[in-house]
Amino acid sequence: MTTNPMLSGDHFRLGTFSSNCSSGMTPTKIAERWDNSWDNNLKLAKMLDDAGIDFMLPIARWIGYGGETDFHGGVLETMTWAAGLLASTKNIAVFATIHTAANHPAVIAKQIATIDQIGHGRAGLNIVAGWNKPEYEALGLTLPDDHESRYAYAQEWFDLVRKLWASNEHFDWDGKYFKAKKIKGNPAPVRGSVPIINAAGSPQGREFATDNANFLFTPAIDLARSKVEIQELKAQAQAKGRKVDVLTFSHVICRPTREEAEAFAKHTAVDNADTDAIDNLVNLQFAHAHSFPHDLLAQIKHLFALGHGGFPLIGTPDEVAAGIIKLHETGFAGSTLSFVDYVAEFPYFRDTVLPKLKAAGIR
């Protein structure tokens, strides 16, 4: 059994986010935007694995956000993506992102157990209770208007997954949302379960995350606000006898000079932003999700153009490293990283920023 880097050590965890999606995290029209082909994802995974990066986290999408590029219109399915990457790497954890409404828990329980065997204990599960109404409509589903219904469904969904992983005997399930007769979940994951991520902004979502997740995933827009929120979330979990760490996501533009980094940020997120896709994305987030604080709309819209709302790490290697250290000092347990072109840009980050993080004692 291989060590799962999400479950061992107390270092600041680093991963990548959304490399399975067209344009990654940047709704830009530039020609060099991310090509999410399987070959590019495999090349990136091996590069990350060799560099000691902890995890890869995908986004599950079925329709894009329109605009000239149809941002996220092309997406590699996350369970099969994770299976292929786990078979091709040695140390990195790889998550599958699963929408509860679109995937039966008995199927997911077996799929996660299978890919965990493929990776010898390195699989993870990112649970999404649902927020994207047009995507629900595309799948012939109805998104409940209230968060209570979404999370009640997600709770029973995950309860059944856990029961399947824990039970050595056939059993019946007679719940509000799921019925099953003489079902059994053999095999279970290598350790009996896998690391669980859940992104949560609403009170109901944070109850779900602190009840069930190992890592709560949330944006870092205002670090002073984040510091308080992290303390509150940890206390909420501790009151339930649980430990939950908080992760965030960041967008990296790292160059030898700040002028070069800022020029590239302007090139991607101002001069060549896919404004229609950005408007659609922001409007959907604010209509149906509570992941982002609504009182920071103007700031958030610019961050969406840069990197889907991620914390901006823009500047020299010293400045990017300082930004990551600041996230650590705020109380985050780790962050994903995105790049306009992951494969082209990660090596410079690896060679110039990672040594600084190690020297600072957070890696």
# chains A, B, ... in the order shown; residues from 1 in each chain; ligands from 1
>>> select_by_dssp(residues="range 191-269 of chain A", states="strand (DSSP E)", output="PyMOL selection string")
chain A and resi 196-199+215-217+245-254
>>> write_last_selection(atoms="C-alpha atoms", output="mmCIF file, in the first residue's frame")
data_model
loop_
_atom_site.group_PDB
_atom_site.id
_atom_site.type_symbol
_atom_site.label_atom_id
_atom_site.label_comp_id
_atom_site.auth_asym_id
_atom_site.auth_seq_id
_atom_site.Cartn_x
_atom_site.Cartn_y
_atom_site.Cartn_z
ATOM 1 C CA ILE A 196 -13.015 13.335 1.063
ATOM 2 C CA ILE A 197 -13.137 16.918 -0.257
ATOM 3 C CA ASN A 198 -16.270 19.063 -0.261
ATOM 4 C CA ALA A 199 -16.603 22.685 -1.357
ATOM 5 C CA PHE A 215 -10.971 18.790 3.619
ATOM 6 C CA LEU A 216 -13.351 21.697 3.133
ATOM 7 C CA PHE A 217 -12.591 23.571 -0.089
ATOM 8 C CA ASP A 245 -8.704 20.951 7.282
ATOM 9 C CA VAL A 246 -9.424 23.790 4.881
ATOM 10 C CA LEU A 247 -8.052 23.994 1.345
ATOM 11 C CA THR A 248 -8.251 26.822 -1.156
ATOM 12 C CA PHE A 249 -7.329 27.356 -4.800
ATOM 13 C CA SER A 250 -4.825 29.696 -6.417
ATOM 14 C CA HIS A 251 -3.887 30.854 -9.893
ATOM 15 C CA VAL A 252 -0.189 31.198 -10.700
ATOM 16 C CA ILE A 253 1.528 33.529 -13.133
ATOM 17 C CA CYS A 254 5.193 33.313 -12.173
#
>>> residues_around(residues="Leu313 in chain A", least_positions_apart="5", cutoff="12 Å", atoms="only C-alpha atoms", output="PyMOL selection string")
chain A and resi 220+249-255+258+261-262+265+303+306-307+318-327+335-339+349+353
>>> write_last_selection(atoms="N, CA, C and O atoms", output="compact mmCIF listing (two decimals), in the first residue's frame")
# COMPACT_ATOMS: atom_id res chain seq x y z
N ALA A 220 -10.26 31.92 -1.29
CA ALA A 220 -9.54 32.86 -0.43
C ALA A 220 -9.59 34.23 -1.10
O ALA A 220 -8.70 34.58 -1.87
N PHE A 249 -7.89 27.50 -3.45
CA PHE A 249 -7.33 27.36 -4.80
C PHE A 249 -6.71 28.67 -5.25
O PHE A 249 -7.16 29.75 -4.89
N SER A 250 -5.63 28.54 -6.01
CA SER A 250 -4.83 29.70 -6.42
C SER A 250 -4.53 29.63 -7.91
O SER A 250 -4.50 28.55 -8.49
N HIS A 251 -4.29 30.79 -8.48
CA HIS A 251 -3.89 30.85 -9.89
C HIS A 251 -2.50 31.49 -9.97
O HIS A 251 -2.26 32.55 -9.40
N VAL A 252 -1.60 30.81 -10.69
CA VAL A 252 -0.19 31.20 -10.70
C VAL A 252 0.21 31.79 -12.04
O VAL A 252 -0.02 31.19 -13.10
N ILE A 253 0.79 32.98 -11.99
CA ILE A 253 1.53 33.53 -13.13
C ILE A 253 2.88 33.95 -12.57
O ILE A 253 3.00 35.00 -11.94
N CYS A 254 3.87 33.10 -12.76
CA CYS A 254 5.19 33.31 -12.17
C CYS A 254 6.20 33.58 -13.28
O CYS A 254 6.34 32.77 -14.21
N ARG A 255 6.89 34.71 -13.18
CA ARG A 255 7.85 35.11 -14.21
C ARG A 255 9.09 35.70 -13.53
O ARG A 255 9.04 36.09 -12.35
N ARG A 258 8.28 41.04 -12.06
CA ARG A 258 6.87 41.33 -11.82
C ARG A 258 6.23 41.95 -13.06
O ARG A 258 5.05 41.68 -13.36
N ALA A 261 5.13 39.21 -15.36
CA ALA A 261 3.96 38.50 -14.84
C ALA A 261 2.69 39.33 -15.01
O ALA A 261 1.64 38.82 -15.44
N GLU A 262 2.77 40.62 -14.68
CA GLU A 262 1.59 41.47 -14.80
C GLU A 262 1.20 41.67 -16.25
O GLU A 262 0.00 41.74 -16.57
N ALA A 265 -0.68 38.58 -17.22
CA ALA A 265 -2.01 38.60 -16.60
C ALA A 265 -2.95 39.52 -17.38
O ALA A 265 -4.12 39.18 -17.63
N LEU A 303 -11.18 38.28 -10.56
CA LEU A 303 -10.50 37.04 -10.22
C LEU A 303 -11.00 35.87 -11.08
O LEU A 303 -10.23 34.96 -11.39
N LEU A 306 -9.09 36.02 -14.25
CA LEU A 306 -7.71 35.55 -14.06
C LEU A 306 -7.64 34.03 -13.93
O LEU A 306 -6.86 33.38 -14.63
N GLY A 307 -8.46 33.50 -13.00
CA GLY A 307 -8.32 32.07 -12.72
C GLY A 307 -9.51 31.51 -11.98
O GLY A 307 -9.35 30.91 -10.91
N ASP A 318 9.92 34.86 -5.75
CA ASP A 318 9.88 35.32 -4.35
C ASP A 318 8.47 35.75 -3.96
O ASP A 318 7.98 35.42 -2.86
N GLU A 319 7.81 36.48 -4.86
CA GLU A 319 6.47 36.98 -4.55
C GLU A 319 5.44 35.86 -4.54
O GLU A 319 4.54 35.84 -3.69
N VAL A 320 5.55 34.91 -5.46
CA VAL A 320 4.63 33.78 -5.48
C VAL A 320 4.81 32.92 -4.23
O VAL A 320 3.83 32.51 -3.58
N ALA A 321 6.04 32.66 -3.87
CA ALA A 321 6.32 31.89 -2.65
C ALA A 321 5.76 32.62 -1.42
O ALA A 321 5.15 32.00 -0.54
N ALA A 322 5.94 33.94 -1.38
CA ALA A 322 5.42 34.72 -0.24
C ALA A 322 3.90 34.62 -0.17
O ALA A 322 3.32 34.56 0.93
N GLY A 323 3.24 34.61 -1.32
CA GLY A 323 1.78 34.47 -1.34
C GLY A 323 1.33 33.13 -0.79
O GLY A 323 0.34 33.05 -0.04
N ILE A 324 2.03 32.07 -1.14
CA ILE A 324 1.69 30.73 -0.64
C ILE A 324 1.94 30.65 0.86
O ILE A 324 1.14 30.08 1.61
N ILE A 325 3.04 31.23 1.31
CA ILE A 325 3.34 31.25 2.75
C ILE A 325 2.25 32.02 3.50
O ILE A 325 1.83 31.64 4.60
N LYS A 326 1.74 33.08 2.90
CA LYS A 326 0.66 33.85 3.52
C LYS A 326 -0.61 33.00 3.65
O LYS A 326 -1.32 33.08 4.67
N LEU A 327 -0.91 32.19 2.63
CA LEU A 327 -2.06 31.27 2.74
C LEU A 327 -1.86 30.30 3.90
O LEU A 327 -2.80 30.02 4.66
N SER A 335 -3.33 24.34 -0.95
CA SER A 335 -3.97 25.06 -2.06
C SER A 335 -3.73 24.31 -3.36
O SER A 335 -2.66 23.72 -3.56
N THR A 336 -4.73 24.35 -4.21
CA THR A 336 -4.49 23.93 -5.59
C THR A 336 -3.82 25.07 -6.34
O THR A 336 -3.87 26.23 -5.93
N LEU A 337 -3.20 24.72 -7.44
CA LEU A 337 -2.54 25.67 -8.33
C LEU A 337 -3.11 25.49 -9.73
O LEU A 337 -3.35 24.36 -10.16
N SER A 338 -3.33 26.58 -10.41
CA SER A 338 -3.65 26.49 -11.83
C SER A 338 -2.73 27.42 -12.60
O SER A 338 -2.20 28.39 -12.04
N PHE A 339 -2.52 27.10 -13.85
CA PHE A 339 -1.68 27.88 -14.75
C PHE A 339 -2.43 28.03 -16.07
O PHE A 339 -3.28 27.20 -16.40
N PHE A 349 7.83 27.09 -12.00
CA PHE A 349 7.35 27.11 -10.62
C PHE A 349 8.08 26.05 -9.80
O PHE A 349 8.53 26.32 -8.68
N VAL A 353 10.07 28.15 -7.19
CA VAL A 353 9.19 28.42 -6.04
C VAL A 353 9.25 27.29 -5.02
O VAL A 353 9.35 27.55 -3.81
>>> residues_around(residues="Thr69 in chain A", least_positions_apart="6", cutoff="9 Å", atoms="only C-alpha atoms", output="PyMOL selection string")
chain A and resi 22-23+27-29+274+277
>>> write_last_selection(atoms="all heavy atoms", output="JSON list (two decimals), in the first residue's frame")
[["chain", "number", "residue", "atom", "x", "y", "z"],
["A", 22, "SER", "N", -11.21, 22.07, -20.53],
["A", 22, "SER", "CA", -10.68, 22.96, -21.56],
["A", 22, "SER", "C", -10.47, 24.36, -20.98],
["A", 22, "SER", "O", -11.30, 24.89, -20.26],
["A", 22, "SER", "CB", -11.64, 23.03, -22.75],
["A", 22, "SER", "OG", -12.92, 23.47, -22.37],
["A", 23, "SER", "N", -9.31, 24.92, -21.26],
["A", 23, "SER", "CA", -8.85, 26.21, -20.75],
["A", 23, "SER", "C", -8.53, 26.21, -19.27],
["A", 23, "SER", "O", -8.22, 27.25, -18.69],
["A", 23, "SER", "CB", -9.84, 27.34, -21.05],
["A", 23, "SER", "OG", -9.98, 27.53, -22.44],
["A", 27, "PRO", "N", -10.66, 31.59, -18.33],
["A", 27, "PRO", "CA", -11.54, 31.83, -19.47],
["A", 27, "PRO", "C", -10.97, 32.91, -20.40],
["A", 27, "PRO", "O", -11.45, 34.05, -20.44],
["A", 27, "PRO", "CB", -12.86, 32.26, -18.82],
["A", 27, "PRO", "CG", -12.46, 32.83, -17.50],
["A", 27, "PRO", "CD", -11.22, 32.11, -17.07],
["A", 28, "THR", "N", -9.93, 32.54, -21.12],
["A", 28, "THR", "CA", -9.23, 33.47, -22.00],
["A", 28, "THR", "C", -9.29, 32.98, -23.43],
["A", 28, "THR", "O", -9.46, 31.78, -23.69],
["A", 28, "THR", "CB", -7.76, 33.63, -21.56],
["A", 28, "THR", "OG1", -7.11, 34.59, -22.40],
["A", 28, "THR", "CG2", -7.01, 32.31, -21.65],
["A", 29, "LYS", "N", -9.12, 33.91, -24.37],
["A", 29, "LYS", "CA", -9.17, 33.56, -25.79],
["A", 29, "LYS", "C", -7.79, 33.37, -26.40],
["A", 29, "LYS", "O", -7.68, 33.07, -27.60],
["A", 29, "LYS", "CB", -9.92, 34.66, -26.55],
["A", 29, "LYS", "CG", -11.38, 34.81, -26.14],
["A", 29, "LYS", "CD", -12.11, 35.86, -26.94],
["A", 29, "LYS", "CE", -11.74, 37.26, -26.50],
["A", 29, "LYS", "NZ", -12.57, 38.31, -27.12],
["A", 274, "ASP", "N", -12.50, 36.07, -22.17],
["A", 274, "ASP", "CA", -13.75, 35.64, -22.79],
["A", 274, "ASP", "C", -14.88, 36.17, -21.92],
["A", 274, "ASP", "O", -15.39, 35.49, -21.03],
["A", 274, "ASP", "CB", -13.80, 34.11, -22.90],
["A", 274, "ASP", "CG", -14.95, 33.62, -23.76],
["A", 274, "ASP", "OD1", -15.92, 34.39, -23.94],
["A", 274, "ASP", "OD2", -14.90, 32.47, -24.25],
["A", 277, "ALA", "N", -18.25, 34.26, -21.44],
["A", 277, "ALA", "CA", -18.12, 33.06, -20.60],
["A", 277, "ALA", "C", -17.99, 33.47, -19.13],
["A", 277, "ALA", "O", -18.59, 32.84, -18.24],
["A", 277, "ALA", "CB", -16.91, 32.23, -21.03]]
>>> residues_around(residues="Trp38 in chain A", least_positions_apart="3", cutoff="10 Å", atoms="only C-alpha atoms", output="ChimeraX atom specification")
/A:19-20,35,41-44,76,81,84-85
>>> write_last_selection(atoms="N, CA and C atoms", output="JSON list (two decimals), in the first residue's frame")
[["chain", "number", "residue", "atom", "x", "y", "z"],
["A", 19, "SER", "N", -7.28, 20.60, -14.53],
["A", 19, "SER", "CA", -6.51, 20.32, -15.76],
["A", 19, "SER", "C", -7.28, 19.40, -16.70],
["A", 20, "ASN", "N", -8.36, 18.78, -16.23],
["A", 20, "ASN", "CA", -9.18, 17.94, -17.11],
["A", 20, "ASN", "C", -10.15, 18.76, -17.95],
["A", 35, "ASP", "N", -4.79, 23.19, -23.31],
["A", 35, "ASP", "CA", -5.38, 22.10, -24.08],
["A", 35, "ASP", "C", -5.49, 20.90, -23.15],
["A", 41, "ASN", "N", -2.64, 15.87, -19.93],
["A", 41, "ASN", "CA", -2.90, 15.54, -18.54],
["A", 41, "ASN", "C", -1.93, 14.49, -18.03],
["A", 42, "LEU", "N", -1.62, 13.50, -18.85],
["A", 42, "LEU", "CA", -0.68, 12.47, -18.44],
["A", 42, "LEU", "C", 0.72, 13.05, -18.27],
["A", 43, "LYS", "N", 1.11, 13.90, -19.19],
["A", 43, "LYS", "CA", 2.42, 14.55, -19.09],
["A", 43, "LYS", "C", 2.50, 15.38, -17.81],
["A", 44, "LEU", "N", 1.42, 16.12, -17.51],
["A", 44, "LEU", "CA", 1.39, 16.94, -16.31],
["A", 44, "LEU", "C", 1.45, 16.07, -15.06],
["A", 76, "LEU", "N", -12.69, 16.08, -19.64],
["A", 76, "LEU", "CA", -12.44, 14.65, -19.47],
["A", 76, "LEU", "C", -13.19, 14.18, -18.22],
["A", 81, "TRP", "N", -10.60, 9.48, -15.82],
["A", 81, "TRP", "CA", -9.39, 10.32, -15.80],
["A", 81, "TRP", "C", -8.52, 9.93, -14.60],
["A", 84, "GLY", "N", -6.88, 6.43, -14.97],
["A", 84, "GLY", "CA", -5.72, 6.42, -15.86],
["A", 84, "GLY", "C", -4.50, 7.06, -15.23],
["A", 85, "LEU", "N", -4.70, 8.15, -14.49],
["A", 85, "LEU", "CA", -3.57, 8.83, -13.86],
["A", 85, "LEU", "C", -3.01, 8.03, -12.70]]
>>> residues_around(residues="Phe304 in chain A", least_positions_apart="3", cutoff="8 Å", atoms="only C-alpha atoms", output="list in words")
Thr26, Pro27, Ile278, Val282, Ile300, Lys301, Gly307, His308, Gly309 and Gly310 of chain A
>>> write_last_selection(atoms="N, CA, C and O atoms", output="PDB file, in the first residue's frame")
ATOM      1  N   THR A  26      -8.795  29.331 -16.677  1.00  0.00           N
ATOM      2  CA  THR A  26      -8.667  30.679 -17.230  1.00  0.00           C
ATOM      3  C   THR A  26      -9.546  30.865 -18.460  1.00  0.00           C
ATOM      4  O   THR A  26      -9.228  30.353 -19.532  1.00  0.00           O
ATOM      5  N   PRO A  27     -10.661  31.588 -18.326  1.00  0.00           N
ATOM      6  CA  PRO A  27     -11.538  31.832 -19.474  1.00  0.00           C
ATOM      7  C   PRO A  27     -10.975  32.914 -20.398  1.00  0.00           C
ATOM      8  O   PRO A  27     -11.447  34.049 -20.443  1.00  0.00           O
ATOM      9  N   ILE A 278     -17.212  34.525 -18.861  1.00  0.00           N
ATOM     10  CA  ILE A 278     -17.034  34.994 -17.482  1.00  0.00           C
ATOM     11  C   ILE A 278     -18.361  35.457 -16.898  1.00  0.00           C
ATOM     12  O   ILE A 278     -18.720  35.121 -15.762  1.00  0.00           O
ATOM     13  N   VAL A 282     -20.037  33.758 -13.609  1.00  0.00           N
ATOM     14  CA  VAL A 282     -20.299  34.532 -12.394  1.00  0.00           C
ATOM     15  C   VAL A 282     -21.791  34.559 -12.082  1.00  0.00           C
ATOM     16  O   VAL A 282     -22.209  34.377 -10.922  1.00  0.00           O
ATOM     17  N   ILE A 300     -14.405  39.755  -7.264  1.00  0.00           N
ATOM     18  CA  ILE A 300     -14.496  38.365  -7.693  1.00  0.00           C
ATOM     19  C   ILE A 300     -14.548  38.259  -9.208  1.00  0.00           C
ATOM     20  O   ILE A 300     -13.959  37.349  -9.800  1.00  0.00           O
ATOM     21  N   LYS A 301     -15.231  39.181  -9.863  1.00  0.00           N
ATOM     22  CA  LYS A 301     -15.353  39.104 -11.320  1.00  0.00           C
ATOM     23  C   LYS A 301     -13.988  39.190 -11.987  1.00  0.00           C
ATOM     24  O   LYS A 301     -13.703  38.473 -12.953  1.00  0.00           O
ATOM     25  N   GLY A 307      -8.456  33.501 -13.005  1.00  0.00           N
ATOM     26  CA  GLY A 307      -8.318  32.075 -12.717  1.00  0.00           C
ATOM     27  C   GLY A 307      -9.507  31.509 -11.977  1.00  0.00           C
ATOM     28  O   GLY A 307      -9.346  30.906 -10.914  1.00  0.00           O
ATOM     29  N   HIS A 308     -10.723  31.738 -12.523  1.00  0.00           N
ATOM     30  CA  HIS A 308     -11.939  31.121 -11.994  1.00  0.00           C
ATOM     31  C   HIS A 308     -12.177  31.486 -10.534  1.00  0.00           C
ATOM     32  O   HIS A 308     -12.773  30.724  -9.760  1.00  0.00           O
ATOM     33  N   GLY A 309     -11.678  32.637 -10.097  1.00  0.00           N
ATOM     34  CA  GLY A 309     -11.894  33.079  -8.721  1.00  0.00           C
ATOM     35  C   GLY A 309     -10.806  32.671  -7.757  1.00  0.00           C
ATOM     36  O   GLY A 309     -10.936  32.894  -6.546  1.00  0.00           O
ATOM     37  N   GLY A 310      -9.727  32.077  -8.256  1.00  0.00           N
ATOM     38  CA  GLY A 310      -8.659  31.615  -7.388  1.00  0.00           C
ATOM     39  C   GLY A 310      -7.817  32.753  -6.831  1.00  0.00           C
ATOM     40  O   GLY A 310      -7.746  33.846  -7.405  1.00  0.00           O
TER      41      GLY A 310
END
>>> atom_distance(atom1="CA of Gly140 in chain A", atom2="CA of Ala152 in chain A")
20.2 Å
>>> atom_distance(atom1="CA of Ala344 in chain A", atom2="CA of Ala87 in chain A")
23.3 Å
>>> closest_residue(among="A:Leu233, A:Leu7, A:Leu160, A:Ala180", to="Ala109 in chain A", atoms="only C-alpha atoms")
A:Leu160
>>> closest_residue(among="A:Pro58, A:Phe178, A:Asp351, A:Ala101", to="Asn126 in chain A", atoms="only C-alpha atoms")
A:Pro58
>>> select_by_dssp(residues="range 132-191 of chain A", states="helix (DSSP H, G or I)", output="PyMOL selection string")
chain A and resi 133-138+147-166
>>> closest_atom_pairs(of="range 100-209 of chain A", to="range 64-67 of chain A", cutoff="12 Å", atoms="only C-alpha atoms", output="JSON lines")
{"residue": "A:Asn132", "atom": "CA", "partner": "A:Tyr65", "partner_atom": "CA", "distance": 10.6}
{"residue": "A:Pro134", "atom": "CA", "partner": "A:Tyr65", "partner_atom": "CA", "distance": 9.7}
{"residue": "A:Glu135", "atom": "CA", "partner": "A:Gly64", "partner_atom": "CA", "distance": 8.8}
{"residue": "A:Ala138", "atom": "CA", "partner": "A:Gly64", "partner_atom": "CA", "distance": 11.0}
>>> write_last_selection(atoms="C-alpha atoms", output="PDB file, in the first residue's frame")
ATOM      1  CA  ASN A 132     -25.283  24.434 -11.743  1.00  0.00           C
ATOM      2  CA  PRO A 134     -28.390  24.536 -16.634  1.00  0.00           C
ATOM      3  CA  GLU A 135     -26.262  21.436 -16.177  1.00  0.00           C
ATOM      4  CA  ALA A 138     -29.023  19.221 -19.628  1.00  0.00           C
TER       5      ALA A 138
END
>>> closest_residue(among="A:Arg122, A:Met25, A:Val128, A:Ile112", to="Ala305 in chain A", atoms="only C-alpha atoms")
A:Met25
>>> residues_around(residues="Pro203 in chain A", least_positions_apart="3", cutoff="12 Å", atoms="only C-alpha atoms", output="MDAnalysis selection string")
chainID A and resid 146:148 151 199:200 206:210 229 232:233 236 289:291
>>> write_last_selection(atoms="N, CA and C atoms", output="CSV table (one decimal), in the first residue's frame")
chain,number,residue,atom,x,y,z
A,146,ASP,N,-33.7,24.8,-2.6
A,146,ASP,CA,-33.2,25.0,-1.3
A,146,ASP,C,-32.0,24.1,-1.0
A,147,HIS,N,-31.0,24.7,-0.3
A,147,HIS,CA,-29.8,23.9,0.0
A,147,HIS,C,-30.1,22.8,1.0
A,148,GLU,N,-31.1,22.9,1.8
A,148,GLU,CA,-31.5,21.8,2.7
A,148,GLU,C,-31.7,20.5,1.9
A,151,TYR,N,-28.5,19.0,0.3
A,151,TYR,CA,-27.5,18.4,1.2
A,151,TYR,C,-28.2,17.2,1.9
A,199,ALA,N,-16.6,21.2,-1.3
A,199,ALA,CA,-16.6,22.7,-1.4
A,199,ALA,C,-17.9,23.2,-0.8
A,200,ALA,N,-17.9,24.1,0.2
A,200,ALA,CA,-19.1,24.5,0.9
A,200,ALA,C,-19.0,26.0,1.2
A,206,ARG,N,-21.7,23.7,4.9
A,206,ARG,CA,-20.6,23.7,5.9
A,206,ARG,C,-21.0,22.6,7.0
A,207,GLU,N,-22.3,22.5,7.3
A,207,GLU,CA,-22.6,21.4,8.2
A,207,GLU,C,-22.3,20.0,7.5
A,208,PHE,N,-22.6,19.9,6.2
A,208,PHE,CA,-22.3,18.6,5.5
A,208,PHE,C,-20.8,18.4,5.5
A,209,ALA,N,-20.0,19.4,5.2
A,209,ALA,CA,-18.5,19.2,5.1
A,209,ALA,C,-17.9,18.9,6.5
A,210,THR,N,-18.4,19.6,7.5
A,210,THR,CA,-17.8,19.3,8.8
A,210,THR,C,-18.3,18.0,9.4
A,229,GLU,N,-12.9,32.5,9.3
A,229,GLU,CA,-13.7,31.4,8.8
A,229,GLU,C,-13.1,30.1,9.1
A,232,GLU,N,-13.5,29.2,12.6
A,232,GLU,CA,-14.9,28.8,12.9
A,232,GLU,C,-15.2,27.4,12.4
A,233,LEU,N,-14.7,27.1,11.2
A,233,LEU,CA,-14.9,25.8,10.6
A,233,LEU,C,-14.2,24.7,11.4
A,236,GLN,N,-16.2,24.2,14.5
A,236,GLN,CA,-17.5,23.5,14.2
A,236,GLN,C,-17.2,22.0,14.0
A,289,ALA,N,-25.2,29.2,-6.1
A,289,ALA,CA,-24.2,28.7,-5.2
A,289,ALA,C,-23.8,29.7,-4.2
A,290,HIS,N,-23.4,29.3,-3.0
A,290,HIS,CA,-22.9,30.2,-2.0
A,290,HIS,C,-21.4,30.1,-1.7
A,291,SER,N,-20.7,29.6,-2.7
A,291,SER,CA,-19.3,29.4,-2.5
A,291,SER,C,-18.5,30.7,-2.3
>>> closest_residue(among="A:Pro312, A:Pro187, A:Gly119, A:Pro195", to="Ser8 in chain A", atoms="only C-alpha atoms")
A:Pro195
